[in-house]
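Text of the file target.txt, holding compact mmCIF, C-alpha atoms:
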# COMPACT_ATOMS: atom_id res chain seq x y z
CA MET A 1 0.00 0.00 0.00
CA LEU A 2 1.08 3.56 -0.69
CA ILE A 3 1.09 5.99 2.23
CA GLY A 4 2.00 9.67 2.50
CA TYR A 5 1.93 12.38 5.14
CA ASN A 6 2.41 16.12 4.98
CA GLN A 7 1.52 19.20 7.00
CA ILE A 8 1.55 22.94 6.50
CA CYS A 9 1.21 25.91 8.82
CA ILE A 10 -2.03 27.87 8.26
CA ASN A 11 -1.49 30.80 10.61
CA PRO A 12 -3.27 33.88 9.19
CA ILE A 13 -1.06 36.50 7.56
CA LYS A 14 -3.55 39.33 8.01
CA SER A 15 -5.44 40.43 11.10
CA THR A 16 -8.80 38.73 11.36
CA TYR A 17 -11.38 37.48 13.87
CA ARG A 18 -11.49 34.32 15.94
CA VAL A 19 -14.47 32.03 15.58
CA GLY A 20 -16.27 29.98 18.20
CA MET A 21 -16.96 32.27 21.13
CA PHE A 22 -19.18 34.95 19.53
CA SER A 23 -17.49 37.56 21.73
CA GLU A 24 -14.72 38.99 19.55
CA SER A 25 -14.80 42.68 18.75
CA ASN A 26 -11.33 43.33 17.31
CA PRO A 27 -9.31 41.51 14.63
CA ILE A 28 -6.08 39.87 15.81
CA LEU A 29 -2.91 38.39 14.28
CA ASN A 30 -0.97 37.05 17.26
CA VAL A 31 -0.49 33.25 17.38
CA ARG A 32 0.49 31.11 20.39
CA GLY A 33 0.64 27.52 19.25
CA ASP A 34 0.76 27.34 15.44
CA LEU A 35 -2.29 26.30 13.42
CA TYR A 36 -1.74 23.42 10.99
CA ALA A 37 -3.49 21.50 8.25
CA ARG A 38 -2.36 17.87 8.13
CA CYS A 39 -2.71 15.38 5.29
CA LEU A 40 -2.64 11.59 5.51
CA ARG A 41 -2.94 9.65 2.25
CA PHE A 42 -3.61 5.97 1.53
CA LYS A 43 -3.66 4.48 -1.95
CA ASN A 44 -3.98 0.96 -3.33
CA ASP A 45 -5.67 -0.68 -6.31
CA SER A 46 -9.14 -0.07 -4.81
CA TYR A 47 -8.93 3.20 -2.88
CA ASN A 48 -7.29 6.60 -3.08
CA VAL A 49 -8.08 8.37 0.20
CA ILE A 50 -6.99 11.76 1.48
CA LEU A 51 -7.66 12.54 5.15
CA LEU A 52 -7.29 16.25 5.90
CA VAL A 53 -7.37 17.51 9.49
CA PHE A 54 -7.43 21.22 10.27
CA ASP A 55 -6.71 23.19 13.42
CA SER A 56 -10.06 24.89 13.02
CA LEU A 57 -13.53 25.03 14.57
CA ALA A 58 -15.01 23.14 11.61
CA ILE A 59 -15.10 23.01 7.81
CA SER A 60 -18.65 23.36 6.49
CA LYS A 61 -19.70 21.31 3.44
CA ASP A 62 -19.76 24.29 1.08
CA ILE A 63 -16.22 25.26 2.12
CA GLN A 64 -15.04 21.64 1.90
CA GLN A 65 -16.20 21.63 -1.72
CA ILE A 66 -14.04 24.67 -2.45
CA PHE A 67 -11.00 22.93 -0.95
CA GLU A 68 -11.72 19.73 -2.88
CA GLU A 69 -12.03 21.52 -6.22
CA LYS A 70 -8.75 23.37 -5.69
CA ILE A 71 -6.93 20.17 -4.65
CA LYS A 72 -8.32 18.13 -7.57
CA ALA A 73 -7.27 20.84 -10.02
CA THR A 74 -3.76 20.65 -8.55
CA ILE A 75 -3.19 16.88 -8.31
CA ASN A 76 -5.50 15.79 -11.16
CA GLU A 77 -6.58 12.55 -9.45
CA ASP A 78 -9.86 10.88 -8.58
CA VAL A 79 -9.84 10.96 -4.78
CA THR A 80 -12.07 10.19 -1.79
CA PHE A 81 -11.76 13.13 0.60
CA ILE A 82 -12.37 13.01 4.34
CA PHE A 83 -12.20 16.39 6.09
CA SER A 84 -12.03 16.77 9.85
CA SER A 85 -11.23 19.48 12.40
CA THR A 86 -9.72 19.59 15.89
CA HIS A 87 -12.45 22.09 16.86
CA THR A 88 -10.19 24.74 18.34
CA HIS A 89 -12.27 27.85 19.07
CA TYR A 90 -9.20 30.03 18.59
CA ALA A 91 -8.79 30.03 14.80
CA PRO A 92 -10.20 32.04 11.88
CA SER A 93 -13.47 30.81 10.40
CA LEU A 94 -13.54 28.17 7.68
CA CYS A 95 -17.26 27.46 7.94
CA ASN A 96 -20.73 28.84 7.40
CA LEU A 97 -23.24 27.72 10.02
CA ALA A 98 -26.95 28.63 10.16
CA GLY A 99 -26.28 32.36 9.95
CA LEU A 100 -24.43 32.24 13.29
CA ILE A 101 -20.95 31.80 11.79
CA LYS A 102 -19.65 33.06 8.45
CA VAL A 103 -16.49 32.06 6.63
CA ASP A 104 -13.50 34.41 6.54
CA LYS A 105 -13.17 34.68 2.75
CA GLN A 106 -9.65 36.11 2.75
CA TYR A 107 -8.42 33.39 5.08
CA LEU A 108 -10.23 30.73 3.02
CA ASP A 109 -8.51 31.84 -0.20
CA TYR A 110 -5.11 31.88 1.49
CA THR A 111 -5.59 28.53 3.25
CA SER A 112 -7.07 26.67 0.28
CA ARG A 113 -4.03 27.57 -1.85
CA LYS A 114 -1.63 26.40 0.87
CA VAL A 115 -3.53 23.15 1.45
CA ALA A 116 -3.61 22.32 -2.26
CA LEU A 117 0.16 22.83 -2.34
CA MET A 118 0.58 20.62 0.74
CA VAL A 119 -1.39 17.76 -0.82
CA ASN A 120 0.44 18.09 -4.11
CA ASN A 121 3.75 17.78 -2.25
CA CYS A 122 2.60 14.79 -0.18
CA ARG A 123 4.89 12.04 -1.45
CA LEU A 124 3.39 8.55 -1.60
CA VAL A 125 5.71 5.66 -0.69
CA GLU A 126 5.13 1.90 -0.90
CA LYS A 127 5.16 0.35 2.58
CA ASP A 128 4.36 -3.00 4.19
CA LEU A 129 1.89 -1.53 6.66
CA SER A 130 0.49 -2.88 9.91
CA ILE A 131 -1.36 -1.21 12.79
CA ASN A 132 -2.38 -1.57 16.39
CA TYR A 133 -4.53 0.45 18.76
CA SER A 134 -4.78 1.14 22.48
CA TRP A 135 -7.17 3.27 24.53
CA GLU A 136 -8.04 4.01 28.13
CA ARG A 137 -10.31 6.30 30.12
CA PHE A 138 -8.62 9.62 30.78
CA ASP A 139 -10.35 12.60 32.40
CA GLN A 140 -7.37 14.68 33.58
CA VAL A 141 -7.81 17.11 30.68
CA GLY A 142 -11.54 16.88 29.90
CA GLN A 143 -14.62 16.21 32.03
CA THR A 144 -18.33 16.52 31.39
CA ARG A 145 -19.68 20.02 31.94
CA ILE A 146 -23.20 18.70 32.62
CA HIS A 147 -23.80 18.46 36.36
CA ASN A 148 -24.49 15.03 37.91
CA LYS A 149 -23.14 13.23 34.83
CA SER A 150 -20.44 10.54 34.61
CA ASN A 151 -17.01 10.87 32.94
CA ASP A 152 -16.94 7.19 31.97
CA ASN A 153 -16.99 8.05 28.25
CA VAL A 154 -14.00 10.42 28.30
CA TYR A 155 -11.05 8.50 26.88
CA ALA A 156 -7.84 8.74 24.86
CA GLY A 157 -6.61 6.43 22.12
CA VAL A 158 -3.62 5.97 19.83
CA LEU A 159 -3.63 4.12 16.52
CA SER A 160 -0.03 3.40 15.52
CA ILE A 161 1.05 2.65 11.95
CA PHE A 162 4.13 0.48 11.29
CA ASP A 163 6.29 -0.31 8.28
CA HIS A 164 7.45 -3.82 9.10
CA LYS A 165 8.57 -3.35 12.74
CA VAL A 166 9.25 0.38 12.53
CA ARG A 167 6.57 2.78 13.75
CA ILE A 168 6.18 5.57 11.19
CA GLY A 169 3.14 7.49 12.41
CA ASN A 170 0.23 7.76 14.79
CA ILE A 171 -3.39 8.86 14.85
CA LEU A 172 -4.17 10.44 18.23
CA PHE A 173 -7.70 10.49 19.59
CA TYR A 174 -9.44 12.27 22.47
CA ASN A 175 -12.88 13.74 23.13
CA CYS A 176 -12.68 17.15 24.79
CA HIS A 177 -13.53 20.69 23.67
CA PRO A 178 -10.33 22.71 23.18
CA THR A 179 -11.64 25.77 25.04
CA THR A 180 -8.99 26.48 27.67
CA PRO A 181 -8.11 30.20 27.23
CA GLN A 182 -10.44 33.02 28.17
CA ASN A 183 -13.25 33.89 25.74
CA ASP A 184 -11.60 37.14 24.69
CA ALA A 185 -8.06 35.78 24.28
CA ASN A 186 -6.21 38.01 21.82
CA TYR A 187 -4.42 35.21 19.99
CA PHE A 188 -4.98 32.19 17.77
CA THR A 189 -3.93 28.76 19.03
CA SER A 190 -4.12 25.07 18.18
CA GLU A 191 -4.80 24.60 21.90
CA PHE A 192 -3.87 21.51 23.92
CA PRO A 193 -4.04 19.10 20.91
CA GLY A 194 -1.43 21.18 19.06
CA SER A 195 0.69 21.48 22.19
CA ALA A 196 0.61 17.70 22.68
CA ILE A 197 1.57 17.04 19.04
CA GLU A 198 4.47 19.50 19.29
CA LYS A 199 5.88 17.63 22.31
CA LEU A 200 5.42 14.18 20.76
CA THR A 201 7.02 15.27 17.48
CA LYS A 202 10.13 16.38 19.36
CA LYS A 203 10.22 13.12 21.33
CA TYR A 204 9.71 10.92 18.26
CA PRO A 205 11.39 12.64 15.28
CA GLY A 206 10.62 10.96 11.99
CA GLU A 207 7.10 9.91 13.02
CA PHE A 208 3.94 11.78 12.06
CA PHE A 209 1.11 12.65 14.44
CA ILE A 210 -2.44 13.58 13.52
CA TYR A 211 -5.22 14.37 16.02
CA LEU A 212 -8.89 13.41 15.68
CA GLN A 213 -11.62 14.90 17.89
CA GLY A 214 -14.17 12.53 19.40
CA ALA A 215 -17.65 12.79 20.91
CA ASP A 216 -16.98 15.86 23.05
CA GLY A 217 -20.33 17.66 22.93
CA ASP A 218 -20.58 17.70 26.74
CA ILE A 219 -16.85 17.47 27.52
CA SER A 220 -14.48 20.41 28.10
CA THR A 221 -11.44 21.51 30.11
CA ARG A 222 -13.60 23.66 32.41
CA LEU A 223 -13.35 21.52 35.55
CA ASN A 224 -9.67 20.65 35.10
CA ARG A 225 -8.14 23.97 34.11
CA LYS A 226 -6.63 26.03 36.92
CA HIS A 227 -6.94 29.33 35.03
CA THR A 228 -7.48 30.59 31.48
CA LYS A 229 -4.02 31.92 30.62
CA TYR A 230 -2.01 30.37 27.80
CA GLU A 231 0.26 28.62 30.31
CA GLU A 232 -2.69 26.37 31.11
CA VAL A 233 -2.88 25.29 27.45
CA THR A 234 0.75 24.17 27.83
CA ARG A 235 0.07 22.34 31.10
CA LEU A 236 -2.90 20.46 29.65
CA GLY A 237 -0.87 19.76 26.51
CA ASN A 238 1.79 18.18 28.73
CA LEU A 239 -0.80 15.97 30.43
CA MET A 240 -2.24 14.99 27.07
CA SER A 241 1.16 14.16 25.55
CA GLU A 242 2.07 12.08 28.62
CA GLU A 243 -1.15 10.08 28.20
CA PHE A 244 -0.55 9.59 24.48
CA ASN A 245 3.03 8.57 25.23
CA LYS A 246 1.76 5.96 27.69
CA LEU A 247 -0.45 4.50 24.94
CA LEU A 248 2.40 4.66 22.43
CA ARG A 249 4.55 2.56 24.75
CA LEU A 250 1.67 0.12 25.18
CA ASN A 251 1.32 -0.23 21.41
CA ILE A 252 4.94 -1.37 21.15
CA THR A 253 4.04 -4.48 23.16
CA LYS A 254 0.79 -5.30 21.34
CA GLU A 255 0.25 -7.57 18.38
CA LYS A 256 0.03 -5.82 15.03
CA VAL A 257 -2.67 -6.32 12.40
CA GLN A 258 -2.04 -6.16 8.67
CA MET A 259 -3.11 -2.79 7.30
CA THR A 260 -6.00 -2.87 4.82
CA ILE A 261 -8.32 -0.05 3.84
CA GLU A 262 -12.02 0.22 3.09
CA VAL A 263 -14.30 3.25 2.77
CA LYS A 264 -18.09 3.30 3.02
CA SER A 265 -20.32 6.36 2.91
CA TRP A 266 -23.99 7.16 3.14
CA GLN A 267 -26.30 10.12 3.67
CA LEU A 268 -28.89 10.95 6.29
CA THR A 269 -31.66 13.49 5.91
CA ILE A 270 -31.91 15.83 8.88
CA ASP A 271 -34.86 17.99 9.95
CA ASN A 272 -33.55 21.30 11.29
CA LYS A 273 -35.70 23.16 13.83
CA LEU A 274 -35.06 25.67 16.61
CA LYS A 275 -36.14 25.20 20.22
CA ASP A 276 -38.87 27.38 21.74
CA ILE A 277 -36.77 29.53 24.05
CA ASN A 278 -39.87 31.01 25.67
CA LYS A 279 -40.49 27.72 27.46
CA ILE A 280 -37.31 27.98 29.57
CA ASN A 281 -38.05 28.94 33.18
CA PHE A 282 -34.80 29.82 34.94
CA ASP A 283 -36.52 29.70 38.35
CA LYS A 284 -37.00 25.95 37.94
CA LEU A 285 -33.44 25.05 36.99
CA GLU A 286 -32.57 23.38 40.29
CA GLY A 287 -29.02 22.14 40.81
CA TYR A 288 -27.60 24.09 37.86
CA THR A 289 -24.23 25.77 38.26
CA GLU A 290 -23.97 29.51 37.64
CA LYS A 291 -21.80 28.74 34.60
CA GLU A 292 -24.56 26.55 33.12
CA LYS A 293 -27.15 29.30 33.66
CA ILE A 294 -24.86 31.92 32.11
CA GLU A 295 -24.33 29.73 29.05
CA LEU A 296 -28.08 29.18 28.67
CA LYS A 297 -28.68 32.93 28.73
CA HIS A 298 -25.84 33.36 26.24
CA GLY A 299 -27.47 30.81 23.95
CA ILE A 300 -30.80 32.65 24.12
CA LYS A 301 -29.05 35.92 23.33
CA MET A 302 -27.28 34.26 20.41
CA LEU A 303 -30.50 32.78 18.97
CA ASN A 304 -32.73 35.84 19.36
CA PRO A 305 -31.45 37.64 16.22
CA VAL A 306 -32.05 34.60 13.98
CA ILE A 307 -35.34 33.21 15.35
CA ASP A 308 -37.68 35.43 13.35
CA GLY A 309 -35.93 34.71 10.07
CA PHE A 310 -35.41 30.99 10.67
CA THR A 311 -37.49 28.54 8.65
CA PRO A 312 -37.31 24.82 9.48
CA PHE A 313 -35.49 23.01 6.68
CA ARG A 314 -34.23 19.59 5.68
CA SER A 315 -30.58 18.91 4.90
CA LYS A 316 -28.49 15.94 3.91
CA ILE A 317 -25.40 15.02 5.89
CA ASP A 318 -22.55 12.74 4.88
CA LEU A 319 -21.32 9.90 7.09
CA TYR A 320 -18.05 8.15 6.25
CA LEU A 321 -16.67 4.91 7.67
CA LEU A 322 -12.93 4.49 7.13
CA THR A 323 -11.73 1.02 8.15
CA LEU A 324 -7.98 0.62 8.63
CA GLY A 325 -7.19 -3.01 9.32
CA ASN A 326 -9.50 -3.93 12.20
CA ILE A 327 -10.18 -0.34 13.33
CA ASN A 328 -13.28 1.64 12.29
CA LEU A 329 -13.20 5.43 12.15
CA PHE A 330 -16.72 6.82 11.88
CA PHE A 331 -16.53 10.39 10.56
CA ASN A 332 -19.62 12.52 11.22
CA PRO A 333 -20.43 16.27 11.26
CA PHE A 334 -21.96 16.40 14.74
CA GLU A 335 -20.84 17.54 18.18
CA LEU A 336 -21.97 14.23 19.65
CA PHE A 337 -22.47 13.98 23.39
CA SER A 338 -20.13 11.46 24.97
CA ASP A 339 -23.13 9.16 25.63
CA TYR A 340 -22.89 7.98 22.01
CA ASN A 341 -19.67 6.15 22.94
CA ASP A 342 -21.89 3.65 24.76
CA LEU A 343 -23.09 2.47 21.34
CA ILE A 344 -19.68 1.34 20.06
CA ASN A 345 -17.04 -1.24 20.79
CA LYS A 346 -14.23 1.03 22.00
CA ASP A 347 -11.64 -1.63 21.19
CA ASN A 348 -12.15 -1.22 17.46
CA THR A 349 -14.29 1.86 16.75
CA LEU A 350 -13.80 5.63 17.04
CA LEU A 351 -16.51 8.27 16.66
CA VAL A 352 -14.77 11.18 14.93
CA CYS A 353 -16.77 14.41 15.03
CA TYR A 354 -16.54 17.75 13.14
CA SER A 355 -16.00 15.79 9.91
CA GLN A 356 -17.50 16.04 6.42
CA GLY A 357 -19.27 19.29 7.38
CA ILE A 358 -20.63 20.71 10.62
CA GLN A 359 -24.10 20.03 11.98
CA GLY A 360 -23.76 21.17 15.60
CA TYR A 361 -24.63 19.56 18.92
CA LEU A 362 -26.41 16.22 19.20
CA THR A 363 -27.47 15.49 22.78
CA GLN A 364 -28.35 11.97 23.86
CA LEU A 365 -31.63 10.29 22.98
CA ASP A 366 -34.61 11.32 25.14
CA ASN A 367 -32.56 14.10 26.71
CA LYS A 368 -34.46 15.79 29.53
CA HIS A 369 -31.66 18.11 30.63
CA ILE A 370 -32.00 21.74 29.51
CA SER A 371 -28.54 23.02 28.62
CA TYR A 372 -26.81 25.42 26.27
CA GLU A 373 -26.01 22.48 24.02
CA TRP A 374 -29.64 21.32 23.97
CA LEU A 375 -30.81 24.87 23.31
CA ILE A 376 -28.87 25.38 20.08
CA GLU A 377 -29.30 21.78 18.89
CA THR A 378 -31.47 21.77 15.75
CA GLN A 379 -32.02 18.03 15.28
CA THR A 380 -35.23 16.17 16.19
CA GLU A 381 -35.56 12.94 18.19
CA LYS A 382 -36.15 11.10 14.94
CA ASP A 383 -32.87 12.48 13.60
CA LYS A 384 -31.07 11.25 16.72
CA GLN A 385 -32.57 7.79 16.33
CA ASN A 386 -31.36 7.66 12.72
CA VAL A 387 -27.84 8.55 13.87
CA VAL A 388 -28.01 5.88 16.58
CA GLU A 389 -29.01 3.26 14.00
CA ALA A 390 -26.13 4.33 11.74
CA ILE A 391 -23.62 3.96 14.59
CA LYS A 392 -25.01 0.56 15.59
CA LYS A 393 -24.46 -0.72 12.05
CA ILE A 394 -20.69 -0.22 12.32
CA ASN A 395 -20.09 -3.42 14.30
CA SER A 396 -23.12 -5.37 13.06
Produce structure tokens that represent the structure in this file.
Amino acid sequence: MLIGYNQICINPIKSTYRVGMFSESNPILNVRGDLYARCLRFKNDSYNVILLVFDSLAISKDIQQIFEEKIKATINEDVTFIFSSTHTHYAPSLCNLAGLIKVDKQYLDYTSRKVALMVNNCRLVEKDLSINYSWERFDQVGQTRIHNKSNDNVYAGVLSIFDHKVRIGNILFYNCHPTTPQNDANYFTSEFPGSAIEKLTKKYPGEFFIYLQGADGDISTRLNRKHTKYEEVTRLGNLMSEEFNKLLRLNITKEKVQMTIEVKSWQLTIDNKLKDINKINFDKLEGYTEKEKIELKHGIKMLNPVIDGFTPFRSKIDLYLLTLGNINLFFNPFELFSDYNDLINKDNTLLVCYSQGIQGYLTQLDNKHISYEWLIETQTEKDKQNVVEAIKKINS
């Protein structure tokens, strides 16, 4: 099988706005923790796959199409693209989302040209590939931000790729919102995932590292961070790299599986509706933290300008299943709550969010808890059930 890896820095070159917190008032240019786009390619007689992962909040489907067209025009190949994002809230916008977020057109033009160049320069090499995978529960960086809820579904994983007996690269996995700095931080950053990758790259020169974001809809650094200065990003990055390093050492001792590749894809139709915010009675929110109440009020404030002009609509989303050897990577556009990890076999399946578009939060089935995430969720219970059925099919 042919494999190739490349990366390119996508720090903005002109002052622009951060996306993800809805609180920015001034454009910025300062960067603390470089932003990257990373490319991992696999090619054999049956498949030609390009996995692209961005240090970005998300890549919406319309923007993904722009990237794809520019890359295809550059490499002139028939390719299956899988786009994913680390979901850092401290990067310029590469997505359009329900009128709440708009793409930064200047940054898109600049980044799409750089990414096309990166892919074009990604050299494919024939290798005798094998893989193995390890995971464990790890809540020292992320914990659920929903009160009275378990952290059992917060976990880290590492999929290692070998050429014969030599490890050549690794896919890192965790499920936690990268939202450590203060809301009005005056810099861009790849956050704790980027910090962890930087440390691992120095420790293991010659190996590549790529980070995939899991079902983190209710998981963040809020309860673990000591403060919101950049030094805390570094501290959490250290913890994350130590955990990944532990799993890397474990992988050395585990049996390897011959690397094969298979890609399946299908579409789901989603009904998009807004919640009735007038039904929320703050006097009856017993047991809620002040932070949860503040976020609810923030969500209401955010939705008010778009409610009158919002018309319920149907949309199609893309789901992709990339199987590498015996490991399934299920790429989806949602911010899945960690509860969805109960539906999978964690030994061989990863739910990778913010991929192939962006659809927003998806709380658990029959959710009775009123939260910020529930408030801005647009999917119906039927939509959730369809997603559940799609996930269950992975190991059936």
*For Leu248 (chain A), the nearest of the candidates A:Trp266, A:Tyr133, A:Tyr288, A:Tyr107, counting all atoms listed in the file*: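 So, comparing all the options, the nearest one is A:Tyr133.
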_Every residue with an atom at most 12 Å from (-25.0, 12.3, 10.1) (file coordinates; all atoms listed in the file) is what I'm after, so could you write them as a count of residues only?_
43
_Distance in Å - CA of Asn345 (chain A) versus CA of Leu40 (chain A)_ =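 About the pair CA of Asn345 (chain A) and CA of Leu40 (chain A): they are 24.6 Å apart.
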*Between CA of Glu373 (chain A) and CA of Gly287 (chain A), measure the distance and give it in Å to one decimal.*
17.1 Å
*So what do you get for CA of Asn121 (chain A) versus CA of Asn76 (chain A), distance-wise?*
13.0 Å
*Would you mind listing what lies within 12 Å of Leu108 (chain A) as a list in words, with all atoms listed in the file counted and same-chain residues fewer than 5 positions away left out?*
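The residues satisfying every condition are Ile10, Asn11, Pro12, Ile13, Lys14, Thr16, Ser56, Ile59, Ser60, Asp62, Ile63, Gln64, Gln65, Ile66, Phe67, Lys70, Ala91, Pro92, Ser93, Leu94, Cys95, Asn96, Lys102, Val103, Arg113, Lys114, Val115 and Ala116 of chain A.
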Residues as selected, C-alpha atoms, written as a PDB file, keeping the file's coordinate frame, can you do that?
ATOM      1  CA  ILE A  10      -2.030  27.870   8.260  1.00  0.00           C
ATOM      2  CA  ASN A  11      -1.490  30.800  10.610  1.00  0.00           C
ATOM      3  CA  PRO A  12      -3.270  33.880   9.190  1.00  0.00           C
ATOM      4  CA  ILE A  13      -1.060  36.500   7.560  1.00  0.00           C
ATOM      5  CA  LYS A  14      -3.550  39.330   8.010  1.00  0.00           C
ATOM      6  CA  THR A  16      -8.800  38.730  11.360  1.00  0.00           C
ATOM      7  CA  SER A  56     -10.060  24.890  13.020  1.00  0.00           C
ATOM      8  CA  ILE A  59     -15.100  23.010   7.810  1.00  0.00           C
ATOM      9  CA  SER A  60     -18.650  23.360   6.490  1.00  0.00           C
ATOM     10  CA  ASP A  62     -19.760  24.290   1.080  1.00  0.00           C
ATOM     11  CA  ILE A  63     -16.220  25.260   2.120  1.00  0.00           C
ATOM     12  CA  GLN A  64     -15.040  21.640   1.900  1.00  0.00           C
ATOM     13  CA  GLN A  65     -16.200  21.630  -1.720  1.00  0.00           C
ATOM     14  CA  ILE A  66     -14.040  24.670  -2.450  1.00  0.00           C
ATOM     15  CA  PHE A  67     -11.000  22.930  -0.950  1.00  0.00           C
ATOM     16  CA  LYS A  70      -8.750  23.370  -5.690  1.00  0.00           C
ATOM     17  CA  ALA A  91      -8.790  30.030  14.800  1.00  0.00           C
ATOM     18  CA  PRO A  92     -10.200  32.040  11.880  1.00  0.00           C
ATOM     19  CA  SER A  93     -13.470  30.810  10.400  1.00  0.00           C
ATOM     20  CA  LEU A  94     -13.540  28.170   7.680  1.00  0.00           C
ATOM     21  CA  CYS A  95     -17.260  27.460   7.940  1.00  0.00           C
ATOM     22  CA  ASN A  96     -20.730  28.840   7.400  1.00  0.00           C
ATOM     23  CA  LYS A 102     -19.650  33.060   8.450  1.00  0.00           C
ATOM     24  CA  VAL A 103     -16.490  32.060   6.630  1.00  0.00           C
ATOM     25  CA  ARG A 113      -4.030  27.570  -1.850  1.00  0.00           C
ATOM     26  CA  LYS A 114      -1.630  26.400   0.870  1.00  0.00           C
ATOM     27  CA  VAL A 115      -3.530  23.150   1.450  1.00  0.00           C
ATOM     28  CA  ALA A 116      -3.610  22.320  -2.260  1.00  0.00           C
TER      29      ALA A 116
END
*Name the residues in contact with Asn186 (chain A) at a cut-off of 9 Å, using all atoms listed in the file, excluding same-chain residues fewer than 5 positions from it; report them as a VMD selection string.*
chain A and resid 18 24 26 to 31
*Might you pull out every residue within 9 Å of region 134-139 of chain A, with only C-alpha atoms counted and same-chain residues fewer than 2 positions away left off, and present them as a PyMOL selection string?*
chain A and resi 132+141-144+151-160+173-174+224+243+247-248+250-251+254+346-347
*Write out as a ChimeraX atom specification the residues lying within 7 Å of region 190-194 of chain A, counting only C-alpha atoms and excluding same-chain residues fewer than 2 positions away.*
/A:33-35,55,88,178,196-198,211,233-234,236-237
_For a quick check of understanding, using only C-alpha atoms, which of A:Asn278, A:Thr80, A:Thr349, A:Thr378 has the smallest distance to Gly214 (chain A)?_
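The answer is A:Thr349, which sits nearest to Gly214 (chain A).
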Can you give me N, CA and C atoms for region 248-261 of chain A, written as a CSV table (one decimal), in the coordinates of the input?
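The file below, result.csv, is the result:
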chain,number,residue,atom,x,y,z
A,248,LEU,N,1.4,5.0,23.4
A,248,LEU,CA,2.4,4.7,22.4
A,248,LEU,C,3.3,3.5,22.9
A,249,ARG,N,3.7,3.6,24.2
A,249,ARG,CA,4.6,2.6,24.8
A,249,ARG,C,3.8,1.2,24.8
A,250,LEU,N,2.5,1.3,25.1
A,250,LEU,CA,1.7,0.1,25.2
A,250,LEU,C,1.6,-0.5,23.8
A,251,ASN,N,1.4,0.3,22.8
A,251,ASN,CA,1.3,-0.2,21.4
A,251,ASN,C,2.6,-1.0,21.0
A,252,ILE,N,3.7,-0.7,21.5
A,252,ILE,CA,4.9,-1.4,21.2
A,252,ILE,C,4.8,-2.8,21.5
A,253,THR,N,4.1,-3.1,22.6
A,253,THR,CA,4.0,-4.5,23.2
A,253,THR,C,2.9,-5.3,22.6
A,254,LYS,N,2.0,-4.6,21.8
A,254,LYS,CA,0.8,-5.3,21.3
A,254,LYS,C,1.0,-5.9,20.0
A,255,GLU,N,0.2,-6.9,19.7
A,255,GLU,CA,0.2,-7.6,18.4
A,255,GLU,C,-0.2,-6.6,17.3
A,256,LYS,N,0.4,-6.7,16.1
A,256,LYS,CA,0.0,-5.8,15.0
A,256,LYS,C,-0.9,-6.6,14.1
A,257,VAL,N,-1.7,-5.8,13.4
A,257,VAL,CA,-2.7,-6.3,12.4
A,257,VAL,C,-2.3,-5.8,11.0
A,258,GLN,N,-2.4,-6.6,10.0
A,258,GLN,CA,-2.0,-6.2,8.7
A,258,GLN,C,-2.9,-5.0,8.3
A,259,MET,N,-2.4,-4.0,7.7
A,259,MET,CA,-3.1,-2.8,7.3
A,259,MET,C,-3.8,-3.0,6.0
A,260,THR,N,-5.2,-2.9,6.0
A,260,THR,CA,-6.0,-2.9,4.8
A,260,THR,C,-6.8,-1.6,4.9
A,261,ILE,N,-7.5,-1.3,3.8
A,261,ILE,CA,-8.3,0.0,3.8
A,261,ILE,C,-9.6,-0.3,3.1
